[in-house]
>>> print(open('final06.cif').read())   # mmCIF, N, CA and C atoms
data_query
#
loop_
_atom_site.label_atom_id
_atom_site.label_comp_id
_atom_site.auth_asym_id
_atom_site.auth_seq_id
_atom_site.Cartn_x
_atom_site.Cartn_y
_atom_site.Cartn_z
N MET A 3 -215.01 127.48 58.99
CA MET A 3 -214.55 126.17 58.56
C MET A 3 -214.87 125.17 59.67
N LYS A 4 -215.43 124.06 59.27
CA LYS A 4 -215.81 123.04 60.23
C LYS A 4 -214.64 122.08 60.47
N ALA A 5 -214.40 121.78 61.73
CA ALA A 5 -213.29 120.89 62.07
C ALA A 5 -213.65 119.44 61.78
N GLU A 6 -212.69 118.70 61.27
CA GLU A 6 -212.84 117.25 61.07
C GLU A 6 -212.11 116.55 62.21
N PHE A 7 -212.72 115.53 62.75
CA PHE A 7 -212.14 114.79 63.85
C PHE A 7 -211.82 113.38 63.39
N ILE A 8 -211.05 112.68 64.18
CA ILE A 8 -210.81 111.26 63.88
C ILE A 8 -212.04 110.47 64.29
N ALA A 9 -212.22 109.33 63.65
CA ALA A 9 -213.37 108.48 63.96
C ALA A 9 -213.20 107.89 65.35
N HIS A 10 -214.25 107.98 66.15
CA HIS A 10 -214.28 107.33 67.46
C HIS A 10 -215.16 106.11 67.32
N GLY A 11 -214.69 104.99 67.85
CA GLY A 11 -215.37 103.73 67.68
C GLY A 11 -214.73 102.99 66.51
N HIS A 12 -215.05 101.72 66.42
CA HIS A 12 -214.54 100.94 65.29
C HIS A 12 -215.51 99.81 64.98
N CYS A 13 -215.34 99.25 63.79
CA CYS A 13 -216.20 98.13 63.42
C CYS A 13 -215.46 97.20 62.46
N SER A 14 -215.98 96.00 62.38
CA SER A 14 -215.48 95.01 61.42
C SER A 14 -216.68 94.37 60.75
N TYR A 15 -216.43 93.74 59.62
CA TYR A 15 -217.52 93.19 58.81
C TYR A 15 -217.25 91.74 58.46
N THR A 16 -218.33 90.97 58.41
CA THR A 16 -218.29 89.63 57.85
C THR A 16 -219.51 89.49 56.95
N ILE A 17 -219.37 88.67 55.92
CA ILE A 17 -220.46 88.48 54.97
C ILE A 17 -220.71 86.98 54.83
N GLU A 18 -221.99 86.60 54.96
CA GLU A 18 -222.37 85.20 54.79
C GLU A 18 -223.82 85.16 54.32
N ASP A 19 -224.05 84.50 53.19
CA ASP A 19 -225.41 84.32 52.65
C ASP A 19 -226.16 85.64 52.50
N ASN A 20 -225.51 86.65 51.94
CA ASN A 20 -226.11 87.98 51.73
C ASN A 20 -226.52 88.68 53.03
N ILE A 21 -225.92 88.27 54.14
CA ILE A 21 -226.10 88.97 55.41
C ILE A 21 -224.75 89.60 55.77
N VAL A 22 -224.76 90.91 55.90
CA VAL A 22 -223.56 91.64 56.30
C VAL A 22 -223.65 91.84 57.82
N THR A 23 -222.69 91.26 58.52
CA THR A 23 -222.62 91.47 59.97
C THR A 23 -221.64 92.59 60.24
N ILE A 24 -222.13 93.60 60.96
CA ILE A 24 -221.28 94.72 61.37
C ILE A 24 -221.10 94.60 62.87
N ASN A 25 -219.87 94.35 63.29
CA ASN A 25 -219.55 94.25 64.70
C ASN A 25 -218.94 95.59 65.09
N ALA A 26 -219.73 96.41 65.81
CA ALA A 26 -219.33 97.79 66.09
C ALA A 26 -219.17 98.03 67.59
N THR A 27 -218.05 98.67 67.93
CA THR A 27 -217.77 99.03 69.32
C THR A 27 -217.75 100.55 69.42
N GLY A 28 -218.53 101.07 70.36
CA GLY A 28 -218.66 102.52 70.52
C GLY A 28 -217.79 103.03 71.64
N PRO A 29 -217.94 104.32 71.89
CA PRO A 29 -218.90 105.28 71.36
C PRO A 29 -218.53 105.73 69.94
N TRP A 30 -219.53 106.35 69.24
CA TRP A 30 -219.37 106.71 67.84
C TRP A 30 -219.65 108.18 67.61
N ASN A 31 -218.83 108.77 66.75
CA ASN A 31 -219.02 110.17 66.36
C ASN A 31 -219.38 110.22 64.87
N LEU A 32 -219.58 111.41 64.34
CA LEU A 32 -219.95 111.59 62.94
C LEU A 32 -218.91 110.96 62.02
N GLU A 33 -217.65 111.15 62.32
CA GLU A 33 -216.58 110.62 61.47
C GLU A 33 -216.62 109.09 61.41
N PHE A 34 -216.99 108.44 62.50
CA PHE A 34 -217.16 106.99 62.49
C PHE A 34 -218.23 106.60 61.48
N PHE A 35 -219.39 107.27 61.54
CA PHE A 35 -220.49 106.93 60.63
C PHE A 35 -220.10 107.17 59.17
N LYS A 36 -219.36 108.23 58.89
CA LYS A 36 -218.91 108.48 57.53
C LYS A 36 -218.00 107.36 57.04
N GLN A 37 -217.05 106.97 57.88
CA GLN A 37 -216.12 105.90 57.52
C GLN A 37 -216.88 104.58 57.35
N MET A 38 -217.77 104.26 58.28
CA MET A 38 -218.51 103.01 58.21
C MET A 38 -219.34 102.94 56.93
N HIS A 39 -220.00 104.02 56.57
CA HIS A 39 -220.82 104.01 55.36
C HIS A 39 -219.98 103.90 54.09
N ARG A 40 -218.79 104.47 54.08
CA ARG A 40 -217.89 104.28 52.93
C ARG A 40 -217.52 102.81 52.79
N GLU A 41 -217.14 102.20 53.91
CA GLU A 41 -216.76 100.78 53.88
C GLU A 41 -217.94 99.90 53.53
N LEU A 42 -219.09 100.19 54.10
CA LEU A 42 -220.29 99.39 53.85
C LEU A 42 -220.74 99.52 52.39
N SER A 43 -220.64 100.70 51.82
CA SER A 43 -221.00 100.89 50.41
C SER A 43 -220.16 99.99 49.51
N ASP A 44 -218.88 99.91 49.79
CA ASP A 44 -217.99 99.05 49.00
C ASP A 44 -218.42 97.58 49.12
N ILE A 45 -218.75 97.15 50.32
CA ILE A 45 -219.20 95.77 50.54
C ILE A 45 -220.50 95.51 49.78
N ILE A 46 -221.44 96.43 49.88
CA ILE A 46 -222.75 96.25 49.22
C ILE A 46 -222.60 96.19 47.71
N LEU A 47 -221.72 97.00 47.17
CA LEU A 47 -221.52 97.02 45.71
C LEU A 47 -220.76 95.81 45.18
N HIS A 48 -219.91 95.20 46.00
CA HIS A 48 -219.02 94.16 45.48
C HIS A 48 -219.15 92.78 46.10
N GLU A 49 -219.80 92.65 47.25
CA GLU A 49 -219.75 91.36 47.95
C GLU A 49 -221.10 90.74 48.27
N VAL A 50 -222.21 91.43 48.01
CA VAL A 50 -223.55 90.86 48.25
C VAL A 50 -224.44 91.18 47.05
N ASP A 51 -225.59 90.55 47.00
CA ASP A 51 -226.60 90.87 46.00
C ASP A 51 -227.21 92.21 46.39
N PHE A 52 -226.95 93.23 45.60
CA PHE A 52 -227.37 94.60 45.90
C PHE A 52 -228.87 94.71 46.18
N HIS A 53 -229.66 93.86 45.53
CA HIS A 53 -231.12 93.92 45.66
C HIS A 53 -231.68 92.96 46.69
N ASN A 54 -230.82 92.19 47.34
CA ASN A 54 -231.31 91.16 48.27
C ASN A 54 -230.28 90.88 49.37
N PHE A 55 -230.10 91.82 50.26
CA PHE A 55 -229.19 91.62 51.39
C PHE A 55 -229.79 92.21 52.65
N ALA A 56 -229.27 91.75 53.77
CA ALA A 56 -229.72 92.23 55.08
C ALA A 56 -228.49 92.53 55.93
N ILE A 57 -228.72 93.21 57.05
CA ILE A 57 -227.62 93.60 57.94
C ILE A 57 -227.91 93.14 59.35
N LEU A 58 -226.89 92.56 59.97
CA LEU A 58 -226.91 92.24 61.39
C LEU A 58 -225.94 93.19 62.06
N LEU A 59 -226.46 93.99 62.96
CA LEU A 59 -225.66 94.98 63.68
C LEU A 59 -225.42 94.48 65.09
N GLU A 60 -224.17 94.13 65.39
CA GLU A 60 -223.79 93.67 66.73
C GLU A 60 -223.08 94.82 67.43
N LEU A 61 -223.70 95.30 68.51
CA LEU A 61 -223.21 96.48 69.22
C LEU A 61 -222.50 96.09 70.51
N ASN A 62 -221.32 96.67 70.71
CA ASN A 62 -220.47 96.32 71.84
C ASN A 62 -219.97 97.56 72.57
N GLY A 63 -219.72 97.38 73.87
CA GLY A 63 -219.10 98.44 74.65
C GLY A 63 -220.03 99.60 74.94
N ASP A 64 -219.46 100.80 74.92
CA ASP A 64 -220.21 102.02 75.21
C ASP A 64 -220.93 102.46 73.93
N THR A 65 -222.13 101.96 73.74
CA THR A 65 -222.85 102.11 72.48
C THR A 65 -223.65 103.40 72.41
N PHE A 66 -222.94 104.51 72.51
CA PHE A 66 -223.54 105.83 72.41
C PHE A 66 -223.04 106.52 71.15
N ALA A 67 -223.93 107.29 70.52
CA ALA A 67 -223.57 107.99 69.29
C ALA A 67 -223.96 109.45 69.42
N THR A 68 -223.20 110.29 68.75
CA THR A 68 -223.55 111.71 68.72
C THR A 68 -224.81 111.88 67.88
N GLN A 69 -225.59 112.91 68.17
CA GLN A 69 -226.80 113.17 67.39
C GLN A 69 -226.44 113.46 65.94
N GLU A 70 -225.36 114.18 65.73
CA GLU A 70 -224.90 114.49 64.38
C GLU A 70 -224.61 113.20 63.60
N GLY A 71 -223.99 112.23 64.27
CA GLY A 71 -223.71 110.95 63.64
C GLY A 71 -224.98 110.17 63.33
N LEU A 72 -225.92 110.18 64.27
CA LEU A 72 -227.19 109.47 64.05
C LEU A 72 -227.99 110.10 62.91
N ASP A 73 -227.98 111.44 62.81
CA ASP A 73 -228.68 112.12 61.72
C ASP A 73 -228.07 111.75 60.37
N TYR A 74 -226.77 111.71 60.29
CA TYR A 74 -226.07 111.32 59.06
C TYR A 74 -226.44 109.88 58.70
N HIS A 75 -226.38 109.00 59.69
CA HIS A 75 -226.71 107.59 59.51
C HIS A 75 -228.14 107.43 58.99
N LEU A 76 -229.09 108.11 59.61
CA LEU A 76 -230.48 108.05 59.20
C LEU A 76 -230.64 108.44 57.74
N ASN A 77 -230.02 109.52 57.34
CA ASN A 77 -230.13 110.00 55.97
C ASN A 77 -229.66 108.94 54.97
N LEU A 78 -228.58 108.27 55.24
CA LEU A 78 -228.07 107.26 54.32
C LEU A 78 -228.88 105.97 54.38
N VAL A 79 -229.34 105.58 55.56
CA VAL A 79 -230.17 104.37 55.68
C VAL A 79 -231.46 104.55 54.89
N LYS A 80 -232.04 105.73 54.91
CA LYS A 80 -233.28 106.01 54.16
C LYS A 80 -233.10 105.73 52.67
N GLN A 81 -231.91 105.97 52.16
CA GLN A 81 -231.64 105.85 50.74
C GLN A 81 -231.18 104.44 50.34
N GLY A 82 -230.82 103.62 51.31
CA GLY A 82 -230.21 102.32 51.02
C GLY A 82 -231.20 101.24 50.65
N PRO A 83 -230.70 100.16 50.02
CA PRO A 83 -231.54 99.06 49.56
C PRO A 83 -231.64 97.88 50.54
N THR A 84 -231.22 98.06 51.78
CA THR A 84 -231.23 96.97 52.76
C THR A 84 -232.65 96.44 52.95
N LYS A 85 -232.82 95.10 52.91
CA LYS A 85 -234.14 94.48 53.08
C LYS A 85 -234.60 94.53 54.54
N ALA A 86 -233.69 94.24 55.47
CA ALA A 86 -234.02 94.21 56.90
C ALA A 86 -232.74 94.33 57.71
N LEU A 87 -232.91 94.73 58.97
CA LEU A 87 -231.77 94.89 59.85
C LEU A 87 -232.11 94.31 61.22
N ALA A 88 -231.20 93.50 61.74
CA ALA A 88 -231.35 92.94 63.08
C ALA A 88 -230.28 93.57 63.97
N ILE A 89 -230.66 93.87 65.19
CA ILE A 89 -229.74 94.47 66.16
C ILE A 89 -229.55 93.49 67.31
N ASN A 90 -228.29 93.20 67.62
CA ASN A 90 -227.95 92.40 68.79
C ASN A 90 -227.09 93.30 69.68
N SER A 91 -227.66 93.71 70.81
CA SER A 91 -226.92 94.59 71.73
C SER A 91 -226.62 93.89 73.05
N ALA A 92 -226.53 92.58 73.01
CA ALA A 92 -226.26 91.81 74.23
C ALA A 92 -224.94 92.20 74.89
N GLU A 93 -223.97 92.67 74.08
CA GLU A 93 -222.66 93.03 74.62
C GLU A 93 -222.51 94.54 74.83
N SER A 94 -223.62 95.25 74.79
CA SER A 94 -223.60 96.70 74.99
C SER A 94 -223.64 97.02 76.48
N ASN A 95 -222.96 98.08 76.87
CA ASN A 95 -223.02 98.55 78.25
C ASN A 95 -224.30 99.34 78.54
N ALA A 96 -225.05 99.65 77.50
CA ALA A 96 -226.28 100.42 77.62
C ALA A 96 -227.33 99.86 76.66
N ALA A 97 -227.58 98.57 76.78
CA ALA A 97 -228.40 97.85 75.80
C ALA A 97 -229.78 98.46 75.59
N GLN A 98 -230.51 98.73 76.64
CA GLN A 98 -231.89 99.21 76.49
C GLN A 98 -231.95 100.59 75.83
N ILE A 99 -231.07 101.48 76.24
CA ILE A 99 -231.04 102.82 75.65
C ILE A 99 -230.65 102.72 74.18
N THR A 100 -229.63 101.93 73.90
CA THR A 100 -229.16 101.77 72.53
C THR A 100 -230.24 101.17 71.64
N GLN A 101 -230.93 100.14 72.12
CA GLN A 101 -232.01 99.53 71.35
C GLN A 101 -233.05 100.57 70.99
N SER A 102 -233.45 101.37 71.96
CA SER A 102 -234.47 102.39 71.75
C SER A 102 -234.03 103.42 70.72
N ILE A 103 -232.82 103.91 70.85
CA ILE A 103 -232.31 104.95 69.94
C ILE A 103 -232.23 104.43 68.51
N PHE A 104 -231.61 103.25 68.34
CA PHE A 104 -231.44 102.73 66.99
C PHE A 104 -232.77 102.28 66.38
N LYS A 105 -233.69 101.77 67.18
CA LYS A 105 -235.00 101.41 66.66
C LYS A 105 -235.70 102.64 66.09
N LYS A 106 -235.61 103.76 66.80
CA LYS A 106 -236.21 105.00 66.31
C LYS A 106 -235.58 105.42 64.97
N VAL A 107 -234.28 105.30 64.87
CA VAL A 107 -233.59 105.66 63.62
C VAL A 107 -234.09 104.78 62.48
N TYR A 108 -234.10 103.47 62.69
CA TYR A 108 -234.47 102.56 61.60
C TYR A 108 -235.97 102.62 61.29
N ASP A 109 -236.80 102.83 62.29
CA ASP A 109 -238.23 103.01 62.04
C ASP A 109 -238.46 104.28 61.20
N LYS A 110 -237.78 105.35 61.57
CA LYS A 110 -237.92 106.61 60.84
C LYS A 110 -237.44 106.47 59.39
N ALA A 111 -236.44 105.61 59.19
CA ALA A 111 -235.91 105.38 57.84
C ALA A 111 -236.81 104.45 57.03
N GLY A 112 -237.78 103.81 57.69
CA GLY A 112 -238.66 102.87 57.00
C GLY A 112 -238.02 101.51 56.77
N LEU A 113 -237.00 101.18 57.55
CA LEU A 113 -236.29 99.91 57.42
C LEU A 113 -236.84 98.91 58.44
N GLU A 114 -237.27 97.75 57.94
CA GLU A 114 -237.76 96.71 58.85
C GLU A 114 -236.61 96.29 59.76
N ASN A 115 -236.87 96.31 61.07
CA ASN A 115 -235.80 96.00 62.02
C ASN A 115 -236.38 95.31 63.24
N GLN A 116 -235.51 94.56 63.90
CA GLN A 116 -235.91 93.86 65.12
C GLN A 116 -234.68 93.66 66.00
N HIS A 117 -234.91 93.60 67.30
CA HIS A 117 -233.84 93.39 68.28
C HIS A 117 -233.77 91.92 68.67
N PHE A 118 -232.55 91.44 68.87
CA PHE A 118 -232.32 90.05 69.30
C PHE A 118 -231.23 90.03 70.36
N ASP A 119 -231.27 88.98 71.18
CA ASP A 119 -230.22 88.77 72.18
C ASP A 119 -229.22 87.71 71.74
N SER A 120 -229.43 87.13 70.56
CA SER A 120 -228.48 86.14 70.06
C SER A 120 -228.26 86.32 68.57
N THR A 121 -227.04 86.10 68.15
CA THR A 121 -226.68 86.20 66.74
C THR A 121 -227.41 85.16 65.93
N LYS A 122 -227.52 83.96 66.46
CA LYS A 122 -228.18 82.87 65.73
C LYS A 122 -229.64 83.22 65.43
N ALA A 123 -230.37 83.69 66.42
CA ALA A 123 -231.78 84.06 66.22
C ALA A 123 -231.90 85.23 65.23
N ALA A 124 -231.00 86.18 65.33
CA ALA A 124 -231.02 87.34 64.43
C ALA A 124 -230.81 86.89 62.98
N LYS A 125 -229.84 86.02 62.75
CA LYS A 125 -229.57 85.53 61.39
C LYS A 125 -230.75 84.72 60.85
N GLN A 126 -231.37 83.92 61.70
CA GLN A 126 -232.53 83.15 61.25
C GLN A 126 -233.64 84.08 60.80
N TRP A 127 -233.91 85.13 61.56
CA TRP A 127 -234.94 86.09 61.18
C TRP A 127 -234.58 86.80 59.88
N LEU A 128 -233.32 87.23 59.76
CA LEU A 128 -232.90 87.93 58.55
C LEU A 128 -233.05 87.06 57.32
N LYS A 129 -232.73 85.78 57.43
CA LYS A 129 -232.87 84.88 56.28
C LYS A 129 -234.31 84.80 55.79
N THR A 130 -235.27 84.93 56.70
CA THR A 130 -236.68 84.91 56.28
C THR A 130 -237.06 86.18 55.52
N LYS A 131 -236.27 87.22 55.62
CA LYS A 131 -236.56 88.50 54.95
C LYS A 131 -235.95 88.59 53.57
N LEU A 132 -235.05 87.67 53.25
CA LEU A 132 -234.38 87.70 51.96
C LEU A 132 -235.14 86.84 50.94
N ALA A 133 -235.11 87.27 49.69
CA ALA A 133 -235.83 86.53 48.63
C ALA A 133 -235.14 85.20 48.35
#
>>> encode(input="final06.cif", output="C-alpha cells")
Amino acid sequence: MKAEFIAHGHCSYTIEDNIVTINATGPWNLEFFKQMHRELSDIILHEVDFHNFAILLELNGDTFATQEGLDYHLNLVKQGPTKALAINSAESNAAQITQSIFKKVYDKAGLENQHFDSTKAAKQWLKTKLA
C-alpha cells in the first residue's frame, strides 16, 4: 500500500482576461500537484474559455519539486488545452534551476512557454498567444 502525504507547498489563483495566474510557493510534493490540478481543472471548466486560455505561473520561495510530482504534472500538462504558459520566478530562491527544470517539463509536454522577470511582461506575451 502506498502512503499518502499531505500537500507541501501552496498556491492561489486569479483569473483575468482568460489568463489564469497561479501564485505558487514551494517546495512541492506529488500531493501538491494532485491538489493543484484538481483546483485548476475546476477553474478551467468554469471560469475561462476552455479553448482559449493561458497560464502565468509565479513561483515563490523554495521552488523545488519532487521528481514524482514533476512526472505527474508533465502527464497532465500534455493532455491539457492551455495555449501558452509564462513563468515568472523572480521571487524564487532558486530561480535559474527552477526555470531550467520547468522549461524542460513544458517543452517535453509540447506547451509553448517562456520565462519572464515581470508579471506585466508575462501577461503581455500571453495575451498575444490568445485568439
>>> atom_distance(input="final06.cif", atom1="atom CA of Lys36 of chain A", atom2="atom N of Gln98 of chain A")
24.4 Å
>>> resolve_selection(input="final06.cif", expression="the PyMOL selection byres ((chain A and resi 11) around 6)", output="PyMOL selection string")
chain A and resi 9-10+12-13+27-31
>>> residues_around(input="final06.cif", residues="Tyr74 of chain A", least_positions_apart="5", cutoff="8 Å", atoms="all atoms listed in the file", output="ChimeraX atom specification")
/A:32,35-36,68-69,79-80
>>> atom_distance(input="final06.cif", atom1="atom CA of Gly82 of chain A", atom2="atom CA of Asn95 of chain A")
28.4 Å
>>> select_by_dssp(input="final06.cif", residues="chain A", states="alpha helix (DSSP H)", output="PyMOL selection string")
chain A and resi 32-48+69-81+97-111+121-131
>>> resolve_selection(input="final06.cif", expression="the PyMOL selection byres ((chain A and resi 51-62) around 6)", output="ChimeraX atom specification")
/A:20-28,46,49-50,63-65,84-95,132-133
>>> write_last_selection(input="final06.cif", atoms="N, CA and C atoms", output="PDB file, in the coordinates of the input")
ATOM      1  N   ASN A  20    -225.510  86.650  51.940  1.00  0.00           N
ATOM      2  CA  ASN A  20    -226.110  87.980  51.730  1.00  0.00           C
ATOM      3  C   ASN A  20    -226.520  88.680  53.030  1.00  0.00           C
ATOM      4  N   ILE A  21    -225.920  88.270  54.140  1.00  0.00           N
ATOM      5  CA  ILE A  21    -226.100  88.970  55.410  1.00  0.00           C
ATOM      6  C   ILE A  21    -224.750  89.600  55.770  1.00  0.00           C
ATOM      7  N   VAL A  22    -224.760  90.910  55.900  1.00  0.00           N
ATOM      8  CA  VAL A  22    -223.560  91.640  56.300  1.00  0.00           C
ATOM      9  C   VAL A  22    -223.650  91.840  57.820  1.00  0.00           C
ATOM     10  N   THR A  23    -222.690  91.260  58.520  1.00  0.00           N
ATOM     11  CA  THR A  23    -222.620  91.470  59.970  1.00  0.00           C
ATOM     12  C   THR A  23    -221.640  92.590  60.240  1.00  0.00           C
ATOM     13  N   ILE A  24    -222.130  93.600  60.960  1.00  0.00           N
ATOM     14  CA  ILE A  24    -221.280  94.720  61.370  1.00  0.00           C
ATOM     15  C   ILE A  24    -221.100  94.600  62.870  1.00  0.00           C
ATOM     16  N   ASN A  25    -219.870  94.350  63.290  1.00  0.00           N
ATOM     17  CA  ASN A  25    -219.550  94.250  64.700  1.00  0.00           C
ATOM     18  C   ASN A  25    -218.940  95.590  65.090  1.00  0.00           C
ATOM     19  N   ALA A  26    -219.730  96.410  65.810  1.00  0.00           N
ATOM     20  CA  ALA A  26    -219.330  97.790  66.090  1.00  0.00           C
ATOM     21  C   ALA A  26    -219.170  98.030  67.590  1.00  0.00           C
ATOM     22  N   THR A  27    -218.050  98.670  67.930  1.00  0.00           N
ATOM     23  CA  THR A  27    -217.770  99.030  69.320  1.00  0.00           C
ATOM     24  C   THR A  27    -217.750 100.550  69.420  1.00  0.00           C
ATOM     25  N   GLY A  28    -218.530 101.070  70.360  1.00  0.00           N
ATOM     26  CA  GLY A  28    -218.660 102.520  70.520  1.00  0.00           C
ATOM     27  C   GLY A  28    -217.790 103.030  71.640  1.00  0.00           C
ATOM     28  N   ILE A  46    -221.440  96.430  49.880  1.00  0.00           N
ATOM     29  CA  ILE A  46    -222.750  96.250  49.220  1.00  0.00           C
ATOM     30  C   ILE A  46    -222.600  96.190  47.710  1.00  0.00           C
ATOM     31  N   GLU A  49    -219.800  92.650  47.250  1.00  0.00           N
ATOM     32  CA  GLU A  49    -219.750  91.360  47.950  1.00  0.00           C
ATOM     33  C   GLU A  49    -221.100  90.740  48.270  1.00  0.00           C
ATOM     34  N   VAL A  50    -222.210  91.430  48.010  1.00  0.00           N
ATOM     35  CA  VAL A  50    -223.550  90.860  48.250  1.00  0.00           C
ATOM     36  C   VAL A  50    -224.440  91.180  47.050  1.00  0.00           C
ATOM     37  N   GLY A  63    -219.720  97.380  73.870  1.00  0.00           N
ATOM     38  CA  GLY A  63    -219.100  98.440  74.650  1.00  0.00           C
ATOM     39  C   GLY A  63    -220.030  99.600  74.940  1.00  0.00           C
ATOM     40  N   ASP A  64    -219.460 100.800  74.920  1.00  0.00           N
ATOM     41  CA  ASP A  64    -220.210 102.020  75.210  1.00  0.00           C
ATOM     42  C   ASP A  64    -220.930 102.460  73.930  1.00  0.00           C
ATOM     43  N   THR A  65    -222.130 101.960  73.740  1.00  0.00           N
ATOM     44  CA  THR A  65    -222.850 102.110  72.480  1.00  0.00           C
ATOM     45  C   THR A  65    -223.650 103.400  72.410  1.00  0.00           C
ATOM     46  N   THR A  84    -231.220  98.060  51.780  1.00  0.00           N
ATOM     47  CA  THR A  84    -231.230  96.970  52.760  1.00  0.00           C
ATOM     48  C   THR A  84    -232.650  96.440  52.950  1.00  0.00           C
ATOM     49  N   LYS A  85    -232.820  95.100  52.910  1.00  0.00           N
ATOM     50  CA  LYS A  85    -234.140  94.480  53.080  1.00  0.00           C
ATOM     51  C   LYS A  85    -234.600  94.530  54.540  1.00  0.00           C
ATOM     52  N   ALA A  86    -233.690  94.240  55.470  1.00  0.00           N
ATOM     53  CA  ALA A  86    -234.020  94.210  56.900  1.00  0.00           C
ATOM     54  C   ALA A  86    -232.740  94.330  57.710  1.00  0.00           C
ATOM     55  N   LEU A  87    -232.910  94.730  58.970  1.00  0.00           N
ATOM     56  CA  LEU A  87    -231.770  94.890  59.850  1.00  0.00           C
ATOM     57  C   LEU A  87    -232.110  94.310  61.220  1.00  0.00           C
ATOM     58  N   ALA A  88    -231.200  93.500  61.740  1.00  0.00           N
ATOM     59  CA  ALA A  88    -231.350  92.940  63.080  1.00  0.00           C
ATOM     60  C   ALA A  88    -230.280  93.570  63.970  1.00  0.00           C
ATOM     61  N   ILE A  89    -230.660  93.870  65.190  1.00  0.00           N
ATOM     62  CA  ILE A  89    -229.740  94.470  66.160  1.00  0.00           C
ATOM     63  C   ILE A  89    -229.550  93.490  67.310  1.00  0.00           C
ATOM     64  N   ASN A  90    -228.290  93.200  67.620  1.00  0.00           N
ATOM     65  CA  ASN A  90    -227.950  92.400  68.790  1.00  0.00           C
ATOM     66  C   ASN A  90    -227.090  93.300  69.680  1.00  0.00           C
ATOM     67  N   SER A  91    -227.660  93.710  70.810  1.00  0.00           N
ATOM     68  CA  SER A  91    -226.920  94.590  71.730  1.00  0.00           C
ATOM     69  C   SER A  91    -226.620  93.890  73.050  1.00  0.00           C
ATOM     70  N   ALA A  92    -226.530  92.580  73.010  1.00  0.00           N
ATOM     71  CA  ALA A  92    -226.260  91.810  74.230  1.00  0.00           C
ATOM     72  C   ALA A  92    -224.940  92.200  74.890  1.00  0.00           C
ATOM     73  N   GLU A  93    -223.970  92.670  74.080  1.00  0.00           N
ATOM     74  CA  GLU A  93    -222.660  93.030  74.620  1.00  0.00           C
ATOM     75  C   GLU A  93    -222.510  94.540  74.830  1.00  0.00           C
ATOM     76  N   SER A  94    -223.620  95.250  74.790  1.00  0.00           N
ATOM     77  CA  SER A  94    -223.600  96.700  74.990  1.00  0.00           C
ATOM     78  C   SER A  94    -223.640  97.020  76.480  1.00  0.00           C
ATOM     79  N   ASN A  95    -222.960  98.080  76.870  1.00  0.00           N
ATOM     80  CA  ASN A  95    -223.020  98.550  78.250  1.00  0.00           C
ATOM     81  C   ASN A  95    -224.300  99.340  78.540  1.00  0.00           C
ATOM     82  N   LEU A 132    -235.050  87.670  53.250  1.00  0.00           N
ATOM     83  CA  LEU A 132    -234.380  87.700  51.960  1.00  0.00           C
ATOM     84  C   LEU A 132    -235.140  86.840  50.940  1.00  0.00           C
ATOM     85  N   ALA A 133    -235.110  87.270  49.690  1.00  0.00           N
ATOM     86  CA  ALA A 133    -235.830  86.530  48.630  1.00  0.00           C
ATOM     87  C   ALA A 133    -235.140  85.200  48.350  1.00  0.00           C
TER      88      ALA A 133
END
>>> atom_distance(input="final06.cif", atom1="atom CA of Leu128 of chain A", atom2="atom N of Arg40 of chain A")
22.2 Å
>>> residues_around(input="final06.cif", residues="Ile99 of chain A", least_positions_apart="5", cutoff="8 Å", atoms="only N, CA and C atoms", output="PyMOL selection string")
chain A and resi 65-66+104-105
>>> select_by_dssp(input="final06.cif", residues="chain A", states="strand (DSSP E or B)", output="VMD selection string")
chain A and resid 12 to 18 21 to 30 56 to 67 87 to 94 115 to 118
>>> axis_aligned_box(input="final06.cif", around="segment 111-125 of chain A", padding_each_side="4 Å", output="AutoDock Vina command-line options")
--center_x -232.7 --center_y 94.2 --center_z 64.5 --size_x 20.0 --size_y 30.7 --size_z 23.4
>>> closest_residue(input="final06.cif", among="A:Leu76, A:Lys131, A:His39, A:Tyr15", to="Val107 of chain A", atoms="all atoms listed in the file")
A:Leu76
